[in-house]
Amino acid sequence: MIDVFNIPSSTQNTITFYATGDWQTWNKPRNAKMIEIFCLGGGGGGGHPTISAAAVGGGGSGGSSGIVRGLIPAFLLPDTIYILVGKGGGGSSTSGTGGSSGGISYIALQPSTSEQTLICKSSTVAASPGGLTTAGAAATISVVALSAFGNLGLFTSIAGVVGSAGGANTGGNGSNQISLSTNLTTGGASGGGKTASVFGSGGTITAASVILTNKVDGGVAAGQNGGDGYGTLQPFCGTGGAGGAGITTGQGGRGGNGYYGCGGGGVGGGSVTSKAGDGGDGLVIITVIS
């Protein structure tokens with residue numbers, strides 16, 4: 001059992017919902033007094049630069065998702081509510097294309113994303129993907145007041161974190177991200193650029209002083225892949241994927257995949273098609289206080 005918010009109670013029951021692509025149901029147990037909600041969307045996927053034997057920049061990385069946390073008296077909710085968990089955006093595997101946006105997570109009274117039936121959603125606008133060389137935008141903060149039944153409880157919303165722009169087409173290094181700098185999640189780090197004679201390293205996810213104390217390395221050697229992001233559920237926090245290194249001739253390093261809600265890393269510049277990192281899927285965690 002996961003005590004997500006650490007509120008004292010004689011009885012608690014926690015259920016975690018993962019991204020399936022379909023609506024899922026939660027049934028209110030007897031004697032429930034309060035319902036705690038943690039709602040996280042999917043992160044944006046990384047981008048792929050145009051392959052070229054000449055100079056090209058590194059791929060941009062995806063932004064991270066927003067988060068909504070809420071507390072609702074159980075007697076105000078119906079016996080069944082519906083959850084749609086957003087999937088992470090796919091990283092691009094096609095030359096000269098961005099990745100895919102992350103999916104927004106929804107909690108509703110009916111299996112519908114209409115504001116008229118929503119309790120909350122993870123963000124107003126989803127986490128954006130990395131572009132050919134541009135950073136993916138962060139998911140925007142959720143305006144819970146726009147969700148009709150969000151007014152039943154107390155909610156806190158935070159926006160996501162923007163991704164990183166790719167390394168310059170002069171052989172520049174990809175841009176880094178900092179763990180636990182301003183948020184519980186990070187965007188991905190970007191890919192290194194390259195010319196016909198030099199290449200740049202992929203961006204790294206730097207370590208935090210607590211909990212996320214291991215950095216996620218970007219590619220350093222020519223065409224080296226970026227590492228996958230990681231994190232914890234207790235307490236919840238995580239990192240995006242690192243960026244791939246560029247290479248003068250050959251396949252640029254792959255971008256790393258993001259942890260839950262985090263952005264995917266960008267591809268390193270190269271002359272052969274590669275694969276950017278996928279954004280991490282969302283999560284919805286519901287805890288019942290009896």
# chains A, B, ... in the order shown; residues from 1 in each chain; ligands from 1
>>> residues_around(residues="Thr185 in chain A", least_positions_apart="3", cutoff="10 Å", atoms="only C-alpha atoms", output="list in words")
Gly43, Gly63, Ser64, Ser65, Gly66, Ile67, Ala159, Gly160, Val161, Ile178, Ser179, Leu180, Ser181, Thr182, Gly188, Gly231, Phe236, Cys237, Gly238, Thr239, Gly240, Gly258, Tyr259, Tyr260, Gly261, Cys262 and Gly263 of chain A
>>> residues_around(residues="Ser157 in chain A", least_positions_apart="6", cutoff="9 Å", atoms="only C-alpha atoms", output="PyMOL selection string")
chain A and resi 66-70+122-123+141-144
>>> closest_residue(among="A:Ala126, A:Val288, A:Met34, A:Ala222", to="Pro73 in chain A", atoms="only C-alpha atoms")
A:Met34
>>> closest_atom_pairs(of="range 88-200 of chain A", to="range 11-31 of chain A", cutoff="10 Å", atoms="only C-alpha atoms", output="tab-separated table")
residue	atom	partner	partner_atom	distance
A:Gly88	CA	A:Ala19	CA	8.6
A:Gly103	CA	A:Ala19	CA	9.4
A:Ser105	CA	A:Ala19	CA	8.8
A:Tyr106	CA	A:Trp23	CA	9.2
A:Ile107	CA	A:Trp23	CA	9.5
A:Ala108	CA	A:Thr25	CA	9.7
A:Leu109	CA	A:Thr25	CA	9.9
A:Gln110	CA	A:Trp23	CA	9.5
A:Pro111	CA	A:Trp23	CA	6.4
A:Ser112	CA	A:Trp23	CA	8.8
>>> write_last_selection(atoms="N, CA, C and O atoms", output="PDB file, in the first residue's frame")
ATOM      1  N   GLY A  88       2.655   8.507 -22.962  1.00  0.00           N
ATOM      2  CA  GLY A  88       3.783   9.329 -23.369  1.00  0.00           C
ATOM      3  C   GLY A  88       3.845   9.466 -24.874  1.00  0.00           C
ATOM      4  O   GLY A  88       3.471   8.542 -25.615  1.00  0.00           O
ATOM      5  N   GLY A 103      -0.001  12.577 -23.747  1.00  0.00           N
ATOM      6  CA  GLY A 103      -1.441  12.604 -23.551  1.00  0.00           C
ATOM      7  C   GLY A 103      -1.814  13.211 -22.206  1.00  0.00           C
ATOM      8  O   GLY A 103      -1.111  13.025 -21.205  1.00  0.00           O
ATOM      9  N   SER A 105      -4.054  13.321 -18.848  1.00  0.00           N
ATOM     10  CA  SER A 105      -4.796  12.367 -18.027  1.00  0.00           C
ATOM     11  C   SER A 105      -6.071  13.033 -17.503  1.00  0.00           C
ATOM     12  O   SER A 105      -6.050  14.204 -17.119  1.00  0.00           O
ATOM     13  N   TYR A 106      -7.165  12.271 -17.477  1.00  0.00           N
ATOM     14  CA  TYR A 106      -8.475  12.797 -17.087  1.00  0.00           C
ATOM     15  C   TYR A 106      -9.102  11.933 -15.996  1.00  0.00           C
ATOM     16  O   TYR A 106      -8.978  10.703 -16.014  1.00  0.00           O
ATOM     17  N   ILE A 107      -9.801  12.597 -15.078  1.00  0.00           N
ATOM     18  CA  ILE A 107     -10.638  11.915 -14.095  1.00  0.00           C
ATOM     19  C   ILE A 107     -12.018  12.539 -14.196  1.00  0.00           C
ATOM     20  O   ILE A 107     -12.164  13.762 -14.112  1.00  0.00           O
ATOM     21  N   ALA A 108     -13.049  11.698 -14.399  1.00  0.00           N
ATOM     22  CA  ALA A 108     -14.354  12.230 -14.775  1.00  0.00           C
ATOM     23  C   ALA A 108     -15.483  11.399 -14.188  1.00  0.00           C
ATOM     24  O   ALA A 108     -15.292  10.259 -13.741  1.00  0.00           O
ATOM     25  N   LEU A 109     -16.694  11.989 -14.209  1.00  0.00           N
ATOM     26  CA  LEU A 109     -17.885  11.283 -13.757  1.00  0.00           C
ATOM     27  C   LEU A 109     -18.464  10.392 -14.848  1.00  0.00           C
ATOM     28  O   LEU A 109     -19.261   9.488 -14.559  1.00  0.00           O
ATOM     29  N   GLN A 110     -18.083  10.654 -16.082  1.00  0.00           N
ATOM     30  CA  GLN A 110     -18.483   9.848 -17.231  1.00  0.00           C
ATOM     31  C   GLN A 110     -17.249   9.643 -18.116  1.00  0.00           C
ATOM     32  O   GLN A 110     -16.298  10.417 -18.021  1.00  0.00           O
ATOM     33  N   PRO A 111     -17.233   8.619 -18.957  1.00  0.00           N
ATOM     34  CA  PRO A 111     -16.066   8.408 -19.835  1.00  0.00           C
ATOM     35  C   PRO A 111     -16.051   9.419 -20.973  1.00  0.00           C
ATOM     36  O   PRO A 111     -16.273   9.099 -22.140  1.00  0.00           O
ATOM     37  N   SER A 112     -15.776  10.670 -20.621  1.00  0.00           N
ATOM     38  CA  SER A 112     -15.772  11.780 -21.565  1.00  0.00           C
ATOM     39  C   SER A 112     -14.756  12.813 -21.122  1.00  0.00           C
ATOM     40  O   SER A 112     -14.579  13.047 -19.915  1.00  0.00           O
TER      41      SER A 112
END
>>> closest_residue(among="A:Asn176, A:Ala196, A:Arg254, A:Tyr82", to="Ile286 in chain A", atoms="only C-alpha atoms")
A:Tyr82
>>> residues_around(residues="Thr170 in chain A", least_positions_apart="3", cutoff="10 Å", atoms="only C-alpha atoms", output="CSV table (one decimal) with N, CA, C and O atoms, in the first residue's frame")
chain,number,residue,atom,x,y,z
A,55,ALA,N,26.5,19.7,-42.3
A,55,ALA,CA,26.2,20.2,-41.0
A,55,ALA,C,24.7,20.1,-40.7
A,55,ALA,O,23.9,20.3,-41.5
A,56,VAL,N,24.4,19.6,-39.4
A,56,VAL,CA,23.0,19.5,-39.0
A,56,VAL,C,23.0,19.6,-37.4
A,56,VAL,O,23.9,19.2,-36.8
A,57,GLY,N,22.0,20.3,-36.9
A,57,GLY,CA,21.8,20.4,-35.5
A,57,GLY,C,21.3,19.1,-34.9
A,57,GLY,O,20.8,18.2,-35.6
A,167,GLY,N,21.7,20.6,-30.0
A,167,GLY,CA,23.1,21.3,-30.2
A,167,GLY,C,23.2,21.9,-31.6
A,167,GLY,O,22.5,21.5,-32.6
A,173,ASN,N,27.2,20.8,-28.5
A,173,ASN,CA,26.7,19.8,-27.6
A,173,ASN,C,25.2,20.1,-27.3
A,173,ASN,O,24.7,21.2,-27.4
A,192,GLY,N,23.2,16.1,-29.7
A,192,GLY,CA,24.3,16.9,-30.2
A,192,GLY,C,24.3,17.1,-31.6
A,192,GLY,O,23.8,16.3,-32.4
A,193,GLY,N,24.8,18.3,-32.1
A,193,GLY,CA,24.9,18.6,-33.5
A,193,GLY,C,26.1,18.0,-34.1
A,193,GLY,O,26.9,17.3,-33.5
A,194,LYS,N,26.3,18.3,-35.4
A,194,LYS,CA,27.5,17.8,-36.1
A,194,LYS,C,27.8,18.6,-37.4
A,194,LYS,O,26.9,19.2,-38.0
A,195,THR,N,29.0,18.5,-37.8
A,195,THR,CA,29.4,18.9,-39.2
A,195,THR,C,30.0,17.7,-39.9
A,195,THR,O,29.9,16.6,-39.4
A,196,ALA,N,30.6,17.9,-41.0
A,196,ALA,CA,31.2,16.9,-41.8
A,196,ALA,C,32.5,16.4,-41.1
A,196,ALA,O,33.1,15.3,-41.4
A,197,SER,N,33.0,17.1,-40.1
A,197,SER,CA,34.3,16.8,-39.4
A,197,SER,C,34.2,16.7,-37.9
A,197,SER,O,35.1,16.1,-37.3
A,198,VAL,N,33.3,17.3,-37.3
A,198,VAL,CA,33.2,17.3,-35.8
A,198,VAL,C,31.8,17.0,-35.4
A,198,VAL,O,30.8,17.2,-36.1
A,199,PHE,N,31.6,16.5,-34.1
A,199,PHE,CA,30.3,16.2,-33.6
A,199,PHE,C,30.2,16.7,-32.1
A,199,PHE,O,31.2,16.9,-31.4
A,200,GLY,N,29.0,16.9,-31.6
A,200,GLY,CA,28.8,17.3,-30.3
A,200,GLY,C,28.2,16.2,-29.4
A,200,GLY,O,27.5,15.2,-29.9
>>> atom_distance(atom1="CA of Ala148 in chain A", atom2="CA of Ile81 in chain A")
14.2 Å
>>> select_by_dssp(residues="range 12-201 of chain A", states="helix (DSSP H, G or I)", output="PyMOL selection string")
chain A and resi 74-76+115-117+144-146+148-152
>>> residues_around(residues="Gly136 in chain A", least_positions_apart="5", cutoff="10 Å", atoms="only C-alpha atoms", output="PDB file with N, CA and C atoms, in the first residue's frame")
ATOM      1  N   GLY A  43       4.606  12.588 -20.949  1.00  0.00           N
ATOM      2  CA  GLY A  43       5.625  13.516 -21.438  1.00  0.00           C
ATOM      3  C   GLY A  43       5.716  13.507 -22.959  1.00  0.00           C
ATOM      4  N   GLY A  44       6.283  14.560 -23.521  1.00  0.00           N
ATOM      5  CA  GLY A  44       6.444  14.662 -24.970  1.00  0.00           C
ATOM      6  C   GLY A  44       7.628  13.852 -25.475  1.00  0.00           C
ATOM      7  N   GLY A  45       7.510  13.328 -26.686  1.00  0.00           N
ATOM      8  CA  GLY A  45       8.596  12.565 -27.293  1.00  0.00           C
ATOM      9  C   GLY A  45       9.680  13.460 -27.881  1.00  0.00           C
ATOM     10  N   GLY A  46      10.856  12.900 -28.090  1.00  0.00           N
ATOM     11  CA  GLY A  46      11.983  13.644 -28.650  1.00  0.00           C
ATOM     12  C   GLY A  46      11.906  13.783 -30.161  1.00  0.00           C
ATOM     13  N   GLY A  47      12.673  14.751 -30.693  1.00  0.00           N
ATOM     14  CA  GLY A  47      12.663  15.035 -32.117  1.00  0.00           C
ATOM     15  C   GLY A  47      13.878  14.467 -32.842  1.00  0.00           C
ATOM     16  N   GLY A  60      15.647  18.194 -30.867  1.00  0.00           N
ATOM     17  CA  GLY A  60      15.113  18.759 -29.628  1.00  0.00           C
ATOM     18  C   GLY A  60      14.462  17.682 -28.781  1.00  0.00           C
ATOM     19  N   SER A  61      14.289  17.986 -27.497  1.00  0.00           N
ATOM     20  CA  SER A  61      13.711  17.013 -26.572  1.00  0.00           C
ATOM     21  C   SER A  61      12.308  17.427 -26.149  1.00  0.00           C
ATOM     22  N   GLY A  62      11.538  16.445 -25.653  1.00  0.00           N
ATOM     23  CA  GLY A  62      10.155  16.679 -25.263  1.00  0.00           C
ATOM     24  C   GLY A  62      10.018  17.345 -23.912  1.00  0.00           C
ATOM     25  N   GLY A  63       8.923  18.096 -23.745  1.00  0.00           N
ATOM     26  CA  GLY A  63       8.594  18.705 -22.463  1.00  0.00           C
ATOM     27  C   GLY A  63       7.929  17.702 -21.528  1.00  0.00           C
ATOM     28  N   SER A  64       7.822  18.064 -20.256  1.00  0.00           N
ATOM     29  CA  SER A  64       7.203  17.167 -19.276  1.00  0.00           C
ATOM     30  C   SER A  64       5.766  17.584 -18.983  1.00  0.00           C
ATOM     31  N   GLY A  98       9.438  16.014 -35.830  1.00  0.00           N
ATOM     32  CA  GLY A  98       9.334  16.045 -34.384  1.00  0.00           C
ATOM     33  C   GLY A  98       8.678  14.784 -33.855  1.00  0.00           C
ATOM     34  N   GLY A  99       8.700  14.651 -32.547  1.00  0.00           N
ATOM     35  CA  GLY A  99       8.027  13.529 -31.899  1.00  0.00           C
ATOM     36  C   GLY A  99       6.534  13.784 -31.777  1.00  0.00           C
ATOM     37  N   SER A 100       5.898  13.071 -30.871  1.00  0.00           N
ATOM     38  CA  SER A 100       4.462  13.210 -30.623  1.00  0.00           C
ATOM     39  C   SER A 100       4.235  13.812 -29.243  1.00  0.00           C
ATOM     40  N   SER A 101       3.137  14.538 -29.111  1.00  0.00           N
ATOM     41  CA  SER A 101       2.785  15.127 -27.823  1.00  0.00           C
ATOM     42  C   SER A 101       2.403  14.044 -26.817  1.00  0.00           C
ATOM     43  N   ALA A 127       1.941  18.148 -22.880  1.00  0.00           N
ATOM     44  CA  ALA A 127       3.376  18.330 -23.081  1.00  0.00           C
ATOM     45  C   ALA A 127       3.706  18.164 -24.559  1.00  0.00           C
ATOM     46  N   SER A 128       4.453  19.116 -25.114  1.00  0.00           N
ATOM     47  CA  SER A 128       4.757  19.108 -26.544  1.00  0.00           C
ATOM     48  C   SER A 128       6.020  18.293 -26.838  1.00  0.00           C
ATOM     49  N   PRO A 129       6.135  17.798 -28.053  1.00  0.00           N
ATOM     50  CA  PRO A 129       7.326  17.025 -28.434  1.00  0.00           C
ATOM     51  C   PRO A 129       8.484  17.930 -28.831  1.00  0.00           C
ATOM     52  N   GLY A 130       9.677  17.372 -28.810  1.00  0.00           N
ATOM     53  CA  GLY A 130      10.810  18.051 -29.395  1.00  0.00           C
ATOM     54  C   GLY A 130      10.673  18.111 -30.900  1.00  0.00           C
ATOM     55  N   GLY A 131      11.166  19.188 -31.504  1.00  0.00           N
ATOM     56  CA  GLY A 131      11.133  19.322 -32.957  1.00  0.00           C
ATOM     57  C   GLY A 131      12.429  18.860 -33.584  1.00  0.00           C
ATOM     58  N   VAL A 161       7.729  21.014 -17.413  1.00  0.00           N
ATOM     59  CA  VAL A 161       9.036  21.641 -17.653  1.00  0.00           C
ATOM     60  C   VAL A 161       9.343  21.560 -19.153  1.00  0.00           C
ATOM     61  N   VAL A 162       9.823  22.652 -19.710  1.00  0.00           N
ATOM     62  CA  VAL A 162      10.135  22.700 -21.137  1.00  0.00           C
ATOM     63  C   VAL A 162      11.309  21.773 -21.455  1.00  0.00           C
ATOM     64  N   GLY A 163      11.310  21.223 -22.678  1.00  0.00           N
ATOM     65  CA  GLY A 163      12.435  20.417 -23.134  1.00  0.00           C
ATOM     66  C   GLY A 163      13.640  21.282 -23.469  1.00  0.00           C
ATOM     67  N   SER A 164      14.576  20.739 -24.240  1.00  0.00           N
ATOM     68  CA  SER A 164      15.820  21.434 -24.570  1.00  0.00           C
ATOM     69  C   SER A 164      16.008  21.504 -26.081  1.00  0.00           C
ATOM     70  N   ALA A 165      16.587  22.613 -26.541  1.00  0.00           N
ATOM     71  CA  ALA A 165      16.913  22.770 -27.959  1.00  0.00           C
ATOM     72  C   ALA A 165      18.166  21.961 -28.301  1.00  0.00           C
ATOM     73  N   GLY A 187      11.943  17.868 -18.535  1.00  0.00           N
ATOM     74  CA  GLY A 187      11.919  17.563 -19.947  1.00  0.00           C
ATOM     75  C   GLY A 187      13.119  16.688 -20.279  1.00  0.00           C
ATOM     76  N   GLY A 188      13.190  16.244 -21.515  1.00  0.00           N
ATOM     77  CA  GLY A 188      14.359  15.487 -21.950  1.00  0.00           C
ATOM     78  C   GLY A 188      15.529  16.409 -22.240  1.00  0.00           C
ATOM     79  N   GLY A 263       9.965  14.054 -20.335  1.00  0.00           N
ATOM     80  CA  GLY A 263      10.193  14.143 -21.768  1.00  0.00           C
ATOM     81  C   GLY A 263      11.242  13.178 -22.281  1.00  0.00           C
ATOM     82  N   GLY A 264      11.118  12.829 -23.566  1.00  0.00           N
ATOM     83  CA  GLY A 264      12.091  11.977 -24.224  1.00  0.00           C
ATOM     84  C   GLY A 264      13.258  12.772 -24.773  1.00  0.00           C
TER      85      GLY A 264
END
>>> closest_residue(among="A:Ser114, A:Asn151, A:Gly219, A:Gly96", to="Gly203 in chain A", atoms="only C-alpha atoms")
A:Gly219
>>> decode(residues="range 250-280 of chain A", atoms="N, CA and C atoms", output="PDB file, in the first residue's frame")
ATOM      1  N   GLY A 250      27.146   8.384 -40.252  1.00  0.00           N
ATOM      2  CA  GLY A 250      26.540   7.232 -39.608  1.00  0.00           C
ATOM      3  C   GLY A 250      25.295   7.629 -38.841  1.00  0.00           C
ATOM      4  N   GLN A 251      24.867   6.725 -37.973  1.00  0.00           N
ATOM      5  CA  GLN A 251      23.627   6.918 -37.217  1.00  0.00           C
ATOM      6  C   GLN A 251      23.875   7.726 -35.952  1.00  0.00           C
ATOM      7  N   GLY A 252      23.171   8.866 -35.825  1.00  0.00           N
ATOM      8  CA  GLY A 252      23.263   9.645 -34.603  1.00  0.00           C
ATOM      9  C   GLY A 252      22.740   8.864 -33.407  1.00  0.00           C
ATOM     10  N   GLY A 253      23.258   9.176 -32.229  1.00  0.00           N
ATOM     11  CA  GLY A 253      22.851   8.477 -31.014  1.00  0.00           C
ATOM     12  C   GLY A 253      21.363   8.631 -30.732  1.00  0.00           C
ATOM     13  N   ARG A 254      20.752   7.555 -30.272  1.00  0.00           N
ATOM     14  CA  ARG A 254      19.340   7.581 -29.920  1.00  0.00           C
ATOM     15  C   ARG A 254      19.109   8.417 -28.662  1.00  0.00           C
ATOM     16  N   GLY A 255      17.939   9.034 -28.575  1.00  0.00           N
ATOM     17  CA  GLY A 255      17.561   9.717 -27.347  1.00  0.00           C
ATOM     18  C   GLY A 255      17.015   8.730 -26.329  1.00  0.00           C
ATOM     19  N   GLY A 256      17.238   9.004 -25.040  1.00  0.00           N
ATOM     20  CA  GLY A 256      16.732   8.137 -23.984  1.00  0.00           C
ATOM     21  C   GLY A 256      15.248   8.361 -23.723  1.00  0.00           C
ATOM     22  N   ASN A 257      14.576   7.336 -23.213  1.00  0.00           N
ATOM     23  CA  ASN A 257      13.167   7.435 -22.857  1.00  0.00           C
ATOM     24  C   ASN A 257      12.990   8.128 -21.507  1.00  0.00           C
ATOM     25  N   GLY A 258      11.890   8.858 -21.345  1.00  0.00           N
ATOM     26  CA  GLY A 258      11.621   9.550 -20.094  1.00  0.00           C
ATOM     27  C   GLY A 258      10.927   8.662 -19.076  1.00  0.00           C
ATOM     28  N   TYR A 259      11.096   9.008 -17.794  1.00  0.00           N
ATOM     29  CA  TYR A 259      10.352   8.373 -16.696  1.00  0.00           C
ATOM     30  C   TYR A 259       8.906   8.870 -16.751  1.00  0.00           C
ATOM     31  N   TYR A 260       8.035   8.348 -15.898  1.00  0.00           N
ATOM     32  CA  TYR A 260       6.629   8.742 -15.905  1.00  0.00           C
ATOM     33  C   TYR A 260       6.481  10.265 -15.978  1.00  0.00           C
ATOM     34  N   GLY A 261       5.754  10.724 -16.988  1.00  0.00           N
ATOM     35  CA  GLY A 261       5.454  12.140 -17.136  1.00  0.00           C
ATOM     36  C   GLY A 261       6.582  13.006 -17.649  1.00  0.00           C
ATOM     37  N   CYS A 262       7.754  12.424 -17.904  1.00  0.00           N
ATOM     38  CA  CYS A 262       8.937  13.197 -18.299  1.00  0.00           C
ATOM     39  C   CYS A 262       9.158  13.120 -19.814  1.00  0.00           C
ATOM     40  N   GLY A 263       9.965  14.054 -20.335  1.00  0.00           N
ATOM     41  CA  GLY A 263      10.193  14.143 -21.768  1.00  0.00           C
ATOM     42  C   GLY A 263      11.242  13.178 -22.281  1.00  0.00           C
ATOM     43  N   GLY A 264      11.118  12.829 -23.566  1.00  0.00           N
ATOM     44  CA  GLY A 264      12.091  11.977 -24.224  1.00  0.00           C
ATOM     45  C   GLY A 264      13.258  12.772 -24.773  1.00  0.00           C
ATOM     46  N   GLY A 265      14.422  12.140 -24.859  1.00  0.00           N
ATOM     47  CA  GLY A 265      15.635  12.799 -25.337  1.00  0.00           C
ATOM     48  C   GLY A 265      15.684  12.906 -26.856  1.00  0.00           C
ATOM     49  N   GLY A 266      16.454  13.890 -27.342  1.00  0.00           N
ATOM     50  CA  GLY A 266      16.586  14.114 -28.773  1.00  0.00           C
ATOM     51  C   GLY A 266      17.690  13.269 -29.397  1.00  0.00           C
ATOM     52  N   VAL A 267      17.550  13.040 -30.701  1.00  0.00           N
ATOM     53  CA  VAL A 267      18.528  12.277 -31.480  1.00  0.00           C
ATOM     54  C   VAL A 267      19.751  13.147 -31.786  1.00  0.00           C
ATOM     55  N   GLY A 268      20.922  12.527 -31.805  1.00  0.00           N
ATOM     56  CA  GLY A 268      22.113  13.224 -32.258  1.00  0.00           C
ATOM     57  C   GLY A 268      22.131  13.352 -33.776  1.00  0.00           C
ATOM     58  N   GLY A 269      22.707  14.442 -34.263  1.00  0.00           N
ATOM     59  CA  GLY A 269      22.812  14.635 -35.705  1.00  0.00           C
ATOM     60  C   GLY A 269      23.646  13.550 -36.362  1.00  0.00           C
ATOM     61  N   GLY A 270      23.265  13.140 -37.568  1.00  0.00           N
ATOM     62  CA  GLY A 270      23.988  12.099 -38.274  1.00  0.00           C
ATOM     63  C   GLY A 270      23.541  12.022 -39.720  1.00  0.00           C
ATOM     64  N   SER A 271      24.020  11.007 -40.411  1.00  0.00           N
ATOM     65  CA  SER A 271      23.672  10.822 -41.822  1.00  0.00           C
ATOM     66  C   SER A 271      22.787   9.609 -42.051  1.00  0.00           C
ATOM     67  N   VAL A 272      22.410   8.907 -40.980  1.00  0.00           N
ATOM     68  CA  VAL A 272      21.555   7.726 -41.052  1.00  0.00           C
ATOM     69  C   VAL A 272      20.432   7.888 -40.023  1.00  0.00           C
ATOM     70  N   THR A 273      19.232   7.462 -40.366  1.00  0.00           N
ATOM     71  CA  THR A 273      18.072   7.602 -39.477  1.00  0.00           C
ATOM     72  C   THR A 273      18.280   6.859 -38.162  1.00  0.00           C
ATOM     73  N   SER A 274      17.807   7.486 -37.062  1.00  0.00           N
ATOM     74  CA  SER A 274      17.944   6.919 -35.729  1.00  0.00           C
ATOM     75  C   SER A 274      16.578   6.958 -35.041  1.00  0.00           C
ATOM     76  N   LYS A 275      16.546   7.035 -33.729  1.00  0.00           N
ATOM     77  CA  LYS A 275      15.288   7.026 -32.969  1.00  0.00           C
ATOM     78  C   LYS A 275      15.413   7.925 -31.746  1.00  0.00           C
ATOM     79  N   ALA A 276      14.464   8.861 -31.605  1.00  0.00           N
ATOM     80  CA  ALA A 276      14.421   9.720 -30.422  1.00  0.00           C
ATOM     81  C   ALA A 276      13.738   9.007 -29.261  1.00  0.00           C
ATOM     82  N   GLY A 277      13.933   9.526 -28.057  1.00  0.00           N
ATOM     83  CA  GLY A 277      13.356   8.920 -26.869  1.00  0.00           C
ATOM     84  C   GLY A 277      11.862   9.173 -26.750  1.00  0.00           C
ATOM     85  N   ASP A 278      11.155   8.190 -26.211  1.00  0.00           N
ATOM     86  CA  ASP A 278       9.723   8.334 -25.947  1.00  0.00           C
ATOM     87  C   ASP A 278       9.499   9.102 -24.646  1.00  0.00           C
ATOM     88  N   GLY A 279       8.427   9.896 -24.623  1.00  0.00           N
ATOM     89  CA  GLY A 279       8.026  10.504 -23.371  1.00  0.00           C
ATOM     90  C   GLY A 279       7.441   9.460 -22.432  1.00  0.00           C
ATOM     91  N   GLY A 280       7.592   9.677 -21.136  1.00  0.00           N
ATOM     92  CA  GLY A 280       7.060   8.734 -20.154  1.00  0.00           C
ATOM     93  C   GLY A 280       5.547   8.805 -20.065  1.00  0.00           C
TER      94      GLY A 280
END
